[in-house]
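Everything below belongs to final16.cif, which stores mmCIF, C-alpha atoms and all ligand atoms.
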data_work
#
loop_
_atom_site.label_atom_id
_atom_site.label_comp_id
_atom_site.auth_asym_id
_atom_site.auth_seq_id
_atom_site.Cartn_x
_atom_site.Cartn_y
_atom_site.Cartn_z
CA MET U 1 -25.70 19.91 -5.57
CA ASP U 2 -24.63 18.94 -2.10
CA SER U 3 -24.92 15.18 -1.79
CA ALA U 4 -25.17 13.32 1.46
CA ARG U 5 -21.99 13.13 3.50
CA ARG U 6 -21.64 10.33 5.99
CA ASP U 7 -18.82 9.99 8.50
CA LEU U 8 -15.92 8.40 6.62
CA THR U 9 -14.40 7.04 9.83
CA THR U 10 -17.25 4.57 10.20
CA LEU U 11 -17.06 3.39 6.58
CA PRO U 12 -15.61 -0.16 6.89
CA LYS U 13 -12.36 -0.34 4.98
CA ALA U 14 -9.68 -2.73 3.78
CA HIS U 15 -6.21 -1.27 3.39
CA LEU U 16 -4.25 -3.08 0.69
CA HIS U 17 -1.28 -0.81 -0.01
CA LEU U 18 0.85 -0.05 3.01
CA HIS U 19 4.61 -0.49 3.47
CA LEU U 20 5.87 -1.53 6.89
CA ALA U 21 8.41 1.18 7.74
CA GLY U 22 6.38 3.73 5.78
CA ALA U 23 3.50 3.19 8.18
CA MET U 24 5.46 4.31 11.24
CA ARG U 25 4.09 7.14 13.36
CA PRO U 26 6.31 10.23 13.02
CA ALA U 27 6.55 10.46 16.83
CA THR U 28 7.76 6.86 17.04
CA LEU U 29 10.38 7.49 14.37
CA MET U 30 11.65 10.54 16.23
CA GLU U 31 11.66 8.78 19.59
CA LEU U 32 13.54 5.74 18.30
CA ALA U 33 16.03 7.90 16.39
CA ALA U 34 16.69 9.98 19.51
CA THR U 35 17.15 6.89 21.67
CA GLN U 36 19.56 5.44 19.13
CA GLY U 37 21.44 8.72 18.60
CA ARG U 38 20.55 8.91 14.90
CA ARG U 39 20.18 12.05 12.82
CA LEU U 40 17.16 11.94 10.54
CA PRO U 41 16.90 13.65 7.14
CA PRO U 42 14.90 16.89 7.59
CA GLU U 43 12.32 15.77 4.98
CA LEU U 44 11.25 13.00 7.36
CA LEU U 45 10.53 15.55 10.09
CA ASP U 46 8.51 17.95 7.95
CA PRO U 47 4.91 17.95 9.24
CA ALA U 48 3.77 18.65 5.68
CA GLY U 49 5.42 15.45 4.49
CA ALA U 50 8.10 14.84 1.93
CA ARG U 51 7.77 16.36 -1.54
CA LEU U 52 9.82 14.75 -4.27
CA ASP U 53 9.63 14.19 -7.98
CA VAL U 54 10.29 10.51 -8.53
CA THR U 55 9.63 10.95 -12.23
CA ALA U 56 12.78 13.07 -12.51
CA ARG U 57 16.17 11.55 -13.20
CA ARG U 58 17.43 9.88 -10.02
CA GLY U 59 14.21 10.97 -8.32
CA TRP U 60 13.44 7.52 -7.02
CA SER U 61 16.80 7.12 -5.30
CA ARG U 62 16.14 10.27 -3.27
CA PHE U 63 12.84 8.81 -2.13
CA GLN U 64 14.44 5.45 -1.39
CA ARG U 65 17.11 7.10 0.77
CA LEU U 66 14.40 8.70 2.90
CA TYR U 67 12.57 5.41 3.25
CA ASP U 68 15.78 3.59 4.16
CA ALA U 69 16.60 6.22 6.80
CA ALA U 70 13.24 5.61 8.46
CA ARG U 71 13.68 1.84 8.33
CA GLU U 72 17.06 2.12 10.08
CA VAL U 73 15.39 2.70 13.44
CA LEU U 74 13.75 -0.73 13.30
CA VAL U 75 16.79 -2.38 14.84
CA GLY U 76 15.19 -5.54 16.21
CA PRO U 77 12.03 -7.50 17.02
CA GLN U 78 10.99 -5.15 19.80
CA GLU U 79 10.81 -2.15 17.47
CA VAL U 80 8.94 -4.20 14.84
CA ARG U 81 6.38 -5.32 17.44
CA ARG U 82 5.81 -1.74 18.51
CA LEU U 83 5.43 -0.57 14.92
CA VAL U 84 2.96 -3.31 14.00
CA SER U 85 0.94 -2.66 17.15
CA GLU U 86 0.73 1.05 16.34
CA ILE U 87 -0.23 0.30 12.74
CA ALA U 88 -3.15 -1.82 13.97
CA GLN U 89 -4.27 0.93 16.35
CA ASP U 90 -4.04 3.60 13.67
CA GLU U 91 -5.92 1.47 11.16
CA ARG U 92 -8.66 0.72 13.66
CA ALA U 93 -9.02 4.46 14.28
CA ALA U 94 -9.34 4.98 10.50
CA GLY U 95 -12.10 2.38 10.24
CA SER U 96 -10.05 -0.42 8.72
CA GLY U 97 -11.15 -3.96 9.42
CA TRP U 98 -8.44 -5.56 7.32
CA VAL U 99 -4.88 -4.50 6.54
CA GLU U 100 -2.27 -6.03 4.27
CA VAL U 101 1.25 -4.79 4.97
CA GLN U 102 4.10 -5.13 2.49
CA VAL U 103 7.64 -5.91 3.48
CA ASP U 104 10.83 -6.86 1.68
CA PRO U 105 12.34 -9.31 4.20
CA SER U 106 15.83 -8.89 2.73
CA SER U 107 15.88 -5.36 4.18
CA TYR U 108 15.42 -6.79 7.69
CA ALA U 109 17.17 -10.14 7.46
CA ALA U 110 20.39 -9.03 9.16
CA ARG U 111 18.55 -7.48 12.10
CA LEU U 112 15.86 -10.12 12.55
CA GLY U 113 17.91 -13.29 12.13
CA GLY U 114 17.42 -14.11 8.46
CA LEU U 115 14.72 -14.00 5.80
CA ALA U 116 12.31 -16.55 7.27
CA ALA U 117 13.01 -15.46 10.85
CA GLY U 118 12.23 -11.89 9.85
CA VAL U 119 8.90 -12.90 8.35
CA GLU U 120 8.12 -14.81 11.56
CA VAL U 121 8.84 -11.74 13.68
CA VAL U 122 6.41 -9.64 11.62
CA LEU U 123 3.74 -12.37 11.55
CA ASP U 124 3.94 -12.88 15.31
CA ALA U 125 3.62 -9.13 15.81
CA MET U 126 0.61 -9.06 13.49
CA ALA U 127 -1.14 -11.89 15.30
CA ALA U 128 -0.69 -10.10 18.62
CA ALA U 129 -1.79 -6.72 17.24
CA SER U 130 -4.79 -8.27 15.54
CA ALA U 131 -5.86 -9.97 18.76
CA ASP U 132 -5.52 -6.66 20.63
CA THR U 133 -7.41 -4.48 18.16
CA GLY U 134 -9.71 -6.77 16.18
CA VAL U 135 -8.18 -5.51 12.93
CA GLY U 136 -7.31 -8.43 10.64
CA MET U 137 -3.72 -8.23 9.42
CA ALA U 138 -1.80 -10.09 6.76
CA LEU U 139 1.60 -9.84 5.14
CA ILE U 140 2.71 -9.35 1.55
CA VAL U 141 6.29 -10.38 0.88
CA ALA U 142 7.69 -8.00 -1.72
CA ALA U 143 10.80 -8.43 -3.83
CA ASN U 144 13.04 -5.56 -4.90
CA ARG U 145 12.86 -5.14 -8.68
CA THR U 146 16.29 -3.48 -8.79
CA ARG U 147 17.93 -6.69 -7.56
CA HIS U 148 18.62 -9.89 -9.47
CA PRO U 149 15.47 -11.92 -10.24
CA GLY U 150 17.10 -14.87 -8.47
CA GLU U 151 16.72 -12.98 -5.20
CA ALA U 152 13.01 -12.59 -5.91
CA GLU U 153 12.76 -16.33 -6.46
CA THR U 154 14.42 -16.94 -3.09
CA LEU U 155 11.92 -14.59 -1.48
CA ALA U 156 9.03 -16.32 -3.22
CA ARG U 157 10.16 -19.61 -1.68
CA VAL U 158 10.30 -17.95 1.73
CA ALA U 159 6.82 -16.50 1.19
CA ARG U 160 5.55 -19.93 0.14
CA ARG U 161 6.48 -21.35 3.54
CA PHE U 162 4.07 -18.96 5.19
CA ALA U 163 1.20 -19.22 2.70
CA GLY U 164 -1.98 -19.81 4.66
CA VAL U 165 -0.38 -18.75 7.93
CA GLY U 166 -0.18 -15.00 7.52
CA VAL U 167 1.44 -14.32 4.16
CA VAL U 168 -1.24 -13.69 1.53
CA GLY U 169 0.55 -12.14 -1.40
CA PHE U 170 3.77 -11.57 -3.30
CA GLY U 171 4.79 -8.12 -4.47
CA LEU U 172 7.43 -6.30 -6.46
CA SER U 173 8.54 -2.85 -5.39
CA ASN U 174 11.21 -0.15 -5.76
CA ASP U 175 12.18 1.81 -8.89
CA GLU U 176 9.82 0.82 -11.71
CA THR U 177 12.16 2.25 -14.32
CA ARG U 178 14.53 -0.60 -13.46
CA GLY U 179 13.51 -4.25 -13.62
CA ARG U 180 10.80 -5.20 -16.12
CA PRO U 181 7.94 -7.37 -14.81
CA GLU U 182 8.81 -10.19 -17.24
CA GLU U 183 12.13 -10.80 -15.48
CA PHE U 184 10.26 -11.83 -12.34
CA ALA U 185 7.85 -14.30 -13.94
CA LYS U 186 9.45 -17.30 -12.28
CA ALA U 187 9.32 -15.79 -8.80
CA PHE U 188 5.65 -14.94 -9.24
CA ARG U 189 4.91 -18.42 -10.55
CA ILE U 190 6.38 -19.91 -7.37
CA ALA U 191 4.23 -17.57 -5.29
CA ARG U 192 1.02 -18.13 -7.24
CA GLU U 193 1.41 -21.90 -7.17
CA ALA U 194 1.47 -21.58 -3.39
CA GLY U 195 -1.88 -19.77 -3.51
CA LEU U 196 -0.50 -16.27 -2.93
CA LEU U 197 -1.98 -13.24 -4.64
CA SER U 198 0.16 -11.54 -7.28
CA VAL U 199 0.39 -7.87 -6.28
CA PRO U 200 3.30 -6.14 -8.04
CA HIS U 201 3.77 -2.39 -8.28
CA ALA U 202 3.29 -1.23 -11.89
CA GLY U 203 1.93 1.75 -13.77
CA GLU U 204 3.33 4.36 -11.39
CA LEU U 205 6.51 5.50 -13.15
CA ARG U 206 5.95 3.51 -16.32
CA GLY U 207 2.88 3.22 -18.51
CA THR U 208 1.19 0.60 -20.62
CA ARG U 209 4.17 -1.71 -21.22
CA SER U 210 4.79 -2.14 -17.52
CA VAL U 211 1.09 -2.60 -16.68
CA VAL U 212 0.53 -5.15 -19.42
CA GLY U 213 3.75 -6.94 -18.43
CA ALA U 214 2.57 -7.23 -14.84
CA VAL U 215 -0.82 -8.56 -15.96
CA GLU U 216 0.40 -10.97 -18.63
CA ALA U 217 3.73 -12.17 -17.23
CA LEU U 218 3.00 -11.96 -13.49
CA HIS U 219 -0.76 -12.66 -13.65
CA ALA U 220 -1.39 -9.72 -11.35
CA ASP U 221 -4.49 -9.91 -9.18
CA ARG U 222 -3.87 -6.32 -8.15
CA LEU U 223 -1.43 -3.61 -9.13
CA GLY U 224 0.31 -1.22 -6.78
CA HIS U 225 -0.72 2.16 -8.22
CA GLY U 226 -1.41 1.29 -11.87
CA VAL U 227 -2.67 4.83 -12.44
CA ARG U 228 -0.82 5.25 -15.71
CA ALA U 229 -3.13 2.61 -17.21
CA VAL U 230 -5.45 5.57 -17.75
CA GLU U 231 -3.23 6.64 -20.67
CA ASP U 232 -4.50 3.78 -22.83
CA PRO U 233 -8.13 2.60 -23.18
CA ALA U 234 -7.01 -0.88 -24.28
CA THR U 235 -4.95 -1.26 -21.11
CA MET U 236 -7.90 -0.22 -18.96
CA ALA U 237 -10.08 -2.68 -20.86
CA LEU U 238 -7.56 -5.44 -20.14
CA LEU U 239 -7.58 -4.61 -16.42
CA ALA U 240 -11.37 -4.50 -16.37
CA ALA U 241 -11.68 -7.81 -18.22
CA ARG U 242 -9.28 -9.54 -15.83
CA GLY U 243 -10.77 -7.86 -12.75
CA VAL U 244 -7.36 -6.52 -11.72
CA VAL U 245 -7.75 -4.19 -8.73
CA LEU U 246 -5.65 -1.01 -8.74
CA GLU U 247 -4.31 0.09 -5.38
CA VAL U 248 -4.52 3.84 -5.96
CA CYS U 249 -2.71 6.07 -3.47
CA PRO U 250 -3.63 9.74 -4.12
CA ALA U 251 -1.44 11.41 -1.48
CA SER U 252 1.56 9.35 -2.61
CA ASN U 253 0.95 10.20 -6.27
CA VAL U 254 0.88 13.91 -5.50
CA ALA U 255 3.83 13.91 -3.06
CA LEU U 256 6.00 11.98 -5.53
CA GLY U 257 5.09 13.98 -8.63
CA VAL U 258 3.18 11.12 -10.30
CA ALA U 259 0.08 13.34 -10.37
CA GLY U 260 0.02 17.13 -10.23
CA ALA U 261 -2.87 17.23 -7.76
CA VAL U 262 -5.43 14.90 -6.16
CA GLU U 263 -7.96 16.09 -8.76
CA LEU U 264 -5.75 14.53 -11.43
CA VAL U 265 -5.46 11.06 -9.85
CA PRO U 266 -7.66 9.03 -12.23
CA VAL U 267 -10.05 7.41 -9.76
CA ARG U 268 -13.18 8.32 -11.71
CA GLN U 269 -11.77 7.40 -15.11
CA LEU U 270 -10.56 3.99 -13.95
CA ARG U 271 -13.85 3.11 -12.28
CA ALA U 272 -15.82 4.40 -15.25
CA ALA U 273 -13.79 1.98 -17.39
CA GLY U 274 -14.77 -0.86 -15.08
CA VAL U 275 -11.46 -1.13 -13.25
CA PRO U 276 -11.83 -1.77 -9.50
CA VAL U 277 -9.98 0.77 -7.35
CA ALA U 278 -8.81 0.24 -3.76
CA LEU U 279 -7.54 3.40 -2.09
CA GLY U 280 -4.26 3.07 -0.20
CA ALA U 281 -1.90 5.30 1.76
CA ASP U 282 1.40 3.72 0.61
CA ASP U 283 3.69 5.44 3.18
CA PRO U 284 1.74 7.55 5.70
CA LEU U 285 5.00 8.43 7.46
CA LEU U 286 6.45 10.11 4.40
CA PHE U 287 3.27 11.66 3.05
CA ARG U 288 1.64 12.42 6.43
CA SER U 289 -1.62 11.03 5.15
CA GLY U 290 -3.32 7.80 6.20
CA LEU U 291 -6.09 5.71 4.65
CA LEU U 292 -8.95 7.83 5.99
CA GLU U 293 -7.34 10.90 4.42
CA GLN U 294 -7.34 9.21 1.00
CA TYR U 295 -11.12 8.78 1.14
CA ALA U 296 -11.52 12.35 2.38
CA ALA U 297 -9.27 13.63 -0.39
CA VAL U 298 -11.23 12.04 -3.22
CA ARG U 299 -14.48 13.23 -1.61
CA ASP U 300 -13.24 16.79 -1.20
CA GLN U 301 -11.00 17.19 -4.26
CA GLN U 302 -12.85 15.01 -6.76
CA GLY U 303 -16.40 15.43 -5.51
CA LEU U 304 -17.04 11.72 -5.07
CA ALA U 305 -20.42 11.06 -3.47
CA ASP U 306 -20.99 8.59 -0.66
CA GLU U 307 -22.20 5.93 -3.12
CA ALA U 308 -18.89 6.11 -4.98
CA LEU U 309 -16.89 6.12 -1.74
CA ALA U 310 -18.75 3.02 -0.58
CA GLY U 311 -17.97 1.48 -3.98
CA LEU U 312 -14.26 2.12 -3.47
CA ALA U 313 -14.40 0.56 -0.02
CA ALA U 314 -16.18 -2.50 -1.46
CA ASP U 315 -13.62 -2.80 -4.27
CA ALA U 316 -10.88 -2.95 -1.64
CA VAL U 317 -12.64 -5.62 0.39
CA ARG U 318 -13.32 -7.74 -2.72
CA GLY U 319 -9.70 -7.36 -3.84
CA SER U 320 -8.33 -8.29 -0.44
CA ALA U 321 -7.19 -11.65 0.87
CA ALA U 322 -9.45 -11.35 3.90
CA PRO U 323 -11.07 -14.63 4.97
CA THR U 324 -14.67 -15.08 3.81
CA PRO U 325 -16.41 -14.25 7.12
CA ARG U 326 -14.47 -11.01 7.47
CA ARG U 327 -15.12 -10.06 3.84
CA ALA U 328 -18.81 -10.68 4.32
CA ALA U 329 -18.89 -8.65 7.53
CA LEU U 330 -17.02 -5.74 5.95
CA LEU U 331 -19.24 -5.72 2.85
CA ALA U 332 -22.37 -5.85 5.00
CA GLY U 333 -20.94 -2.99 7.05
CA ILE U 334 -20.40 -0.92 3.91
CA ASP U 335 -24.02 -1.52 2.83
CA ALA U 336 -25.23 -0.54 6.29
CA TRP U 337 -23.07 2.62 6.22
CA LEU U 338 -24.67 3.66 2.95
CA ALA U 339 -28.17 2.69 4.05
CA ALA U 340 -28.00 4.83 7.18
CA PRO U 341 -29.05 8.43 6.66
CA PRO U 342 -26.21 10.94 6.78
CA ALA U 343 -26.04 13.06 9.89
CA PRO U 344 -27.78 16.37 9.36
CA ARG U 345 -25.36 19.22 8.98
CA THR U 346 -25.58 21.80 11.73
CA ALA U 347 -23.68 24.99 12.31
CA THR U 348 -21.38 23.19 14.72
CA SER U 349 -20.79 19.94 12.83
CA PRO U 350 -17.61 19.65 10.82
CA ALA U 351 -18.08 19.77 7.06
ZN ZN U 401 3.99 1.15 -2.68
#
Just give me the structure as structure tokens.
Amino acid sequence: MDSARRDLTTLPKAHLHLHLAGAMRPATLMELAATQGRRLPPELLDPAGARLDVTARRGWSRFQRLYDAAREVLVGPQEVRRLVSEIAQDERAAGSGWVEVQVDPSSYAARLGGLAAGVEVVLDAMAAASADTGVGMALIVAANRTRHPGEAETLARVARRFAGVGVVGFGLSNDETRGRPEEFAKAFRIAREAGLLSVPHAGELRGTRSVVGAVEALHADRLGHGVRAVEDPATMALLAARGVVLEVCPASNVALGVAGAVELVPVRQLRAAGVPVALGADDPLLFRSGLLEQYAAVRDQQGLADEALAGLAADAVRGSAAPTPRRAALLAGIDAWLAAPPAPRTATSPA
């Protein structure tokens, strides 16, 4: 049966899983690299996107090297401002009304004048880009789980200084096979006591233990990925009971070997178990696939109907840190999108 298909561009969205350098336009990366006389790894230039298997031994370090090579071109505040401005434009074009961008400030501290100064540069750029485009933007400060937990605690104190003025969450990223969630409990306590959302990555390269650790020890409000929770009904029940939102990134899962194909990314199973799912793009630069493409992929590859797609969009808005008026406007927009009749298909209209 062919269900109604509305234009996904006009579906109001919140984008909750997006890394700063990973959101760069390929053309911007190439232009900056050329200006700076840098050679880029060929995988970053492939229009089909990078294909890696991060589940293989040393797989993550290959991915991390690509990401680091892209980040190298962000040499100062000017480049960060340009990147953030282009992110806002791209998100507006994809129908996003709210975007939360993750950054590990320690990766930029040397270039931007320190940890707190680096956060200020990004927040100033976000305020300007938001004013220009109307897209609400906020920052998630993310710690690197392969570093000493003390560094995460330092970052949590930096994040705390900007709680309520642009920083909305605290994350944990990098190689999940290194650094158990429990080791970062103190850092997350500092962040949560400041009112920040707990949004660690978990359940991408590791299964139940990592997911439960992030929920119990870090009191996760959301999980980056979390897809491996599907392996255990009790883990899904825990996520559903706590209302933990999973930031599921289909293109990333496929490109990195976490899922064999978009069909196998467990969007349906998670939602059927009562777990809220917010689609995210993770690193559009590396996977050549933005937020709109994630919605299109689950529609086309998993057969999700418009009602389910609207449900995913609403899950993202409810799981976001967007201020109440913006949340209400986005949710009302999603209802209106679904209430409007789909455009009739004609011979000339795209499928
Ligand atoms: Zn991520």
Report the closest atom pair, with its distance in Å rounded to one decimal, for each residue of chain U that has an atom no farther than 9 Å from ligand ZN 401 (chain U); count all atoms listed in the file, sort by chain and then rising residue number, and write it as CSV.
residue,atom,partner,partner_atom,distance
U:His17,CA,U:ZN401,ZN,6.2
U:Leu18,CA,U:ZN401,ZN,6.6
U:His19,CA,U:ZN401,ZN,6.4
U:Gln102,CA,U:ZN401,ZN,8.1
U:Ser173,CA,U:ZN401,ZN,6.6
U:Asn174,CA,U:ZN401,ZN,8.0
U:His201,CA,U:ZN401,ZN,6.6
U:Gly224,CA,U:ZN401,ZN,6.0
U:His225,CA,U:ZN401,ZN,7.3
U:Glu247,CA,U:ZN401,ZN,8.8
U:Cys249,CA,U:ZN401,ZN,8.3
U:Ser252,CA,U:ZN401,ZN,8.6
U:Gly280,CA,U:ZN401,ZN,8.8
U:Ala281,CA,U:ZN401,ZN,8.5
U:Asp282,CA,U:ZN401,ZN,4.9
U:Asp283,CA,U:ZN401,ZN,7.3
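The spacing separating CA of Ile140 (chain U) from CA of Ala332 (chain U) amounts to 25.6 Å.
Rounded to one decimal, CA of Val121 (chain U) and CA of Leu45 (chain U) lie 27.6 Å from each other.
Minimum atom-to-atom distances from U:Phe170, U:Phe287, U:Tyr295, U:Trp337 to Val254 (chain U) were compared using only C-alpha atoms, and the lowest value belongs to U:Phe287.
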Counting all atoms listed in the file, which of U:Leu312, U:Val119, U:Leu292, U:Ala234 gets nearest to Leu139 (chain U)? U:Val119
So that I can check the surroundings of Ala27 (chain U), please list as a PDB file with C-alpha atoms, in the coordinates of the input every protein, DNA and RNA residue that reaches within 12 Å of it, counting only C-alpha atoms and ignoring chain neighbours fewer than 3 positions away.
ATOM      1  CA  ALA U  23       3.500   3.190   8.180  1.00  0.00           C
ATOM      2  CA  MET U  24       5.460   4.310  11.240  1.00  0.00           C
ATOM      3  CA  MET U  30      11.650  10.540  16.230  1.00  0.00           C
ATOM      4  CA  GLU U  31      11.660   8.780  19.590  1.00  0.00           C
ATOM      5  CA  LEU U  32      13.540   5.740  18.300  1.00  0.00           C
ATOM      6  CA  ALA U  33      16.030   7.900  16.390  1.00  0.00           C
ATOM      7  CA  ALA U  34      16.690   9.980  19.510  1.00  0.00           C
ATOM      8  CA  LEU U  44      11.250  13.000   7.360  1.00  0.00           C
ATOM      9  CA  LEU U  45      10.530  15.550  10.090  1.00  0.00           C
ATOM     10  CA  ASP U  46       8.510  17.950   7.950  1.00  0.00           C
ATOM     11  CA  PRO U  47       4.910  17.950   9.240  1.00  0.00           C
ATOM     12  CA  ALA U  70      13.240   5.610   8.460  1.00  0.00           C
ATOM     13  CA  LEU U  83       5.430  -0.570  14.920  1.00  0.00           C
ATOM     14  CA  GLU U  86       0.730   1.050  16.340  1.00  0.00           C
ATOM     15  CA  LEU U 285       5.000   8.430   7.460  1.00  0.00           C
ATOM     16  CA  ARG U 288       1.640  12.420   6.430  1.00  0.00           C
TER      17      ARG U 288
END
Could you list, as a ChimeraX atom specification, every residue within 12 Å of region 54-66 of chain U, counting all atoms listed in the file and ignoring same-chain residues fewer than 5 positions away? /U:21-22,39-45,49,71-72,144,146,173-178,204-206,252-260,283,285-287
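The protein and nucleic acid residues lying at most 7 Å from Ala94 (chain U) are Thr9, Asp90, Glu91, Arg92, Ser96, Leu291 and Leu292 of chain U, with only C-alpha atoms considered and sequence neighbours fewer than 2 positions away removed.
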Residue nearest Gly169 (chain U) among U:Gly113, U:Pro233, U:Gly319, U:Gly136 (counting all atoms listed in the file): U:Gly319
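Residue nearest Ala272 (chain U), chosen from U:Arg209, U:Trp98, U:Pro284, U:Ala240 and counting all atoms listed in the file: U:Ala240.
Distance-wise, CA of Ala159 (chain U) and CA of Met126 (chain U) end up 15.7 Å apart.
Closest approach to Val73 (chain U) among U:Ala88, U:Leu29, U:Leu196, U:Leu20 is made by U:Leu29 (distances from all atoms listed in the file).
Restricting the calculation to only C-alpha atoms, the smallest distance between Ala125 (chain U) and any of U:Ala93, U:Val165, U:Pro77, U:Arg160 is found for U:Pro77.
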Write out as an MDAnalysis selection string each polymer residue whose atoms come within 7 Å of region 301-309 of chain U, counting only C-alpha atoms; drop sequence neighbours fewer than 4 positions from it. chainID U and resid 3:6 262:263 295 297 313 338
Please put the answer as lines of an AutoDock Vina configuration file: centre and edge lengths, in Å with one decimal, of a box along x, y and z that encloses all listed atoms of region 305-312 of chain U plus 8 Å on each side.
center_x = -18.2
center_y = 6.3
center_z = -2.8
size_x = 23.9
size_y = 25.6
size_z = 20.4
Name all residues at most 10 Å from Gly164 (chain U) (count all atoms listed in the file; drop same-chain ones fewer than 3 positions away) and give them as a PyMOL selection string. chain U and resi 138+160-161+167-168+194-196
